[in-house]
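The structure appears right after this line, and notes come after that.
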Amino acid sequence: MGKLLGRWLAAVQAYASVDDPQSDIAAKVALVIVSNQPFYPLYLHAIAGSAAWPAWLTLVTTPFFAAVPVLARRNPFAGRALMVLAGTANTVFCVKLFGAQSGVELFLIPCALLGALLFRPDERIRSLPLLALPFASYLLIDSRLGEPVMRVADASYASLVSINAMSVAALTALIGMLAAARIATE
């Protein structure tokens, strides 16, 4: 059993590894998201009960995150761009599903961080739209998405904000740790 687990972990590590340092960060963050996405609906179900059924719809974005390492090996810029695009699109989709009052918009913070961090200075002009996307999404989504799909008791929203805020903090810390490790090797 130990050897099987070791081989599986080695395969995941190989899949997540990309030669380009910034693409490697994108690939690792993407796979952490892939590994956590199936648990998010379970957390929401624990908070909101059967009203949380829309949370399962968030899994439709999983293949986009899973594709980041593959695309990054073929075209580093495109792989990094996909990470920012998938994260921002997933967040906007989640705002429609759960509403801004759930605190899910906070996930735009790591999207903006990735938009700033994943691109080199010589790519800045091409990457500016990706950096602007989370900000533009925040400014435009509340007024245009309409009512959320998921309806829960007002008392449940504090728990939703708490879980989303902690998830955003953990994801932001991970991005920072990966970036610090990259800087230390330069």
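Each chain in the structure tokens gets a letter, A, B and so on, in the order shown; residues start at 1 in every chain, and ligands are counted from 1 in the order they appear.
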Closest-contact table, segment 93-137 of chain A side, partner segment 167-185 of chain A, 7 Å, counting only C-alpha atoms, as CSV:
```
residue,atom,partner,partner_atom,distance
A:Leu106,CA,A:Val168,CA,6.6
A:Phe107,CA,A:Val168,CA,5.7
A:Pro110,CA,A:Thr172,CA,5.5
```
Per DSSP on the backbone, filter segment 57-171 of chain A down to the residues in alpha helix (DSSP H) and report them as a ChimeraX atom specification. /A:62-74,76-98,108-117,124-144,154-171
If you count only C-alpha atoms, which residues fall within 12 Å of Leu140 of chain A, apart from same-chain ones fewer than 6 positions away, as a PyMOL selection string? chain A and resi 92+95+100+105+133-134+146
For a quick check of understanding, using only C-alpha atoms, which of A:Ala78, A:Ala66, A:Ala51, A:Leu71 has the smallest distance to Glu123 of chain A?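 That would be A:Ala78, the residue with the smallest distance to Glu123 of chain A.
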So, with only C-alpha atoms as the atoms that count, which of A:Pro69, A:Gly87, A:Gly6, A:Gly99 lies closest to Ala55 of chain A?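 Smallest distance to Ala55 of chain A is found for A:Gly99.
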Please identify all polymer residues within 12 Å of Asn36 of chain A, counting only C-alpha atoms, omitting same-chain residues fewer than 4 positions from it, and present them as a VMD selection string. chain A and resid 29 to 32 40 to 43 58 to 59 62 65 to 66 167 170 to 171
Using only C-alpha atoms, which protein or nucleic acid residues come within 7 Å of segment 152-162 of chain A? Drop anything in the same chain fewer than 4 positions from it, and give the result as a VMD selection string. chain A and resid 47 to 48 51 101 to 103 166
Writing out the chosen residues with N, CA and C atoms as a short mmCIF file (atom, residue, chain, number, x, y, z; two decimals), in the first residue's frame:
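What follows is the written file out_34.cif:
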```
data_model
loop_
_atom_site.label_atom_id
_atom_site.label_comp_id
_atom_site.auth_asym_id
_atom_site.auth_seq_id
_atom_site.Cartn_x
_atom_site.Cartn_y
_atom_site.Cartn_z
N ILE A 47 -23.18 23.36 6.34
CA ILE A 47 -23.64 24.67 6.82
C ILE A 47 -25.11 24.91 6.47
N ALA A 48 -25.47 24.64 5.22
CA ALA A 48 -26.78 25.06 4.72
C ALA A 48 -27.74 23.91 4.45
N ALA A 51 -30.16 22.94 0.91
CA ALA A 51 -30.19 24.18 0.12
C ALA A 51 -28.87 24.40 -0.61
N GLN A 101 -23.34 37.91 -0.55
CA GLN A 101 -23.41 37.87 0.91
C GLN A 101 -22.74 36.63 1.49
N SER A 102 -22.38 35.66 0.64
CA SER A 102 -21.67 34.45 1.10
C SER A 102 -20.18 34.70 1.31
N GLY A 103 -19.69 35.83 0.81
CA GLY A 103 -18.27 36.13 0.92
C GLY A 103 -17.41 35.47 -0.14
N MET A 166 -11.54 31.95 5.30
CA MET A 166 -10.42 31.08 5.69
C MET A 166 -9.81 30.39 4.46
#
```
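One finds atom CA of Ala16 of chain A at 5.5 Å from atom CA of Lys28 of chain A.
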Find, counting only C-alpha atoms, the residue in A:Phe135, A:Phe93, A:Phe119, A:Trp56 that gets nearest to Gly79 of chain A.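 For Gly79 of chain A, the nearest of the given residues is A:Phe119.
If only C-alpha atoms are the atoms counted, then among A:Leu145, A:Val68, A:Cys111, A:Ala86 the closest residue to Tyr15 of chain A is A:Val68.
Minimum atom-to-atom distances from A:Leu4, A:Ile25, A:Val34, A:Leu44 to Phe64 of chain A were compared using only C-alpha atoms, and the lowest value belongs to A:Val34.
The spacing separating atom CA of Ala67 of chain A from atom CA of Ala52 of chain A amounts to 26.9 Å.
Straight-line separation from atom CA of Val18 of chain A to atom CA of Arg74 of chain A: 9.6 Å.
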Neighbours of Ala132 of chain A within 10 Å (only C-alpha atoms; same-chain residues fewer than 4 positions away dropped), as a list in words? Cys111, Ala112, Gly115, Ala116, Ser127, Leu128, Ala136 and Ser137 of chain A
Keeping only C-alpha atoms, write those residues as a PDB file, in the first residue's frame.
```pdb
ATOM      1  CA  CYS A 111      -6.990  35.755  -8.552  1.00  0.00           C
ATOM      2  CA  ALA A 112      -5.615  39.308  -8.579  1.00  0.00           C
ATOM      3  CA  GLY A 115      -2.553  38.030 -12.157  1.00  0.00           C
ATOM      4  CA  ALA A 116       0.258  40.142 -10.700  1.00  0.00           C
ATOM      5  CA  SER A 127      -0.953  40.240 -18.957  1.00  0.00           C
ATOM      6  CA  LEU A 128      -2.545  43.534 -17.877  1.00  0.00           C
ATOM      7  CA  ALA A 136     -13.461  44.387 -13.283  1.00  0.00           C
ATOM      8  CA  SER A 137     -15.365  41.287 -12.207  1.00  0.00           C
TER       9      SER A 137
END
```
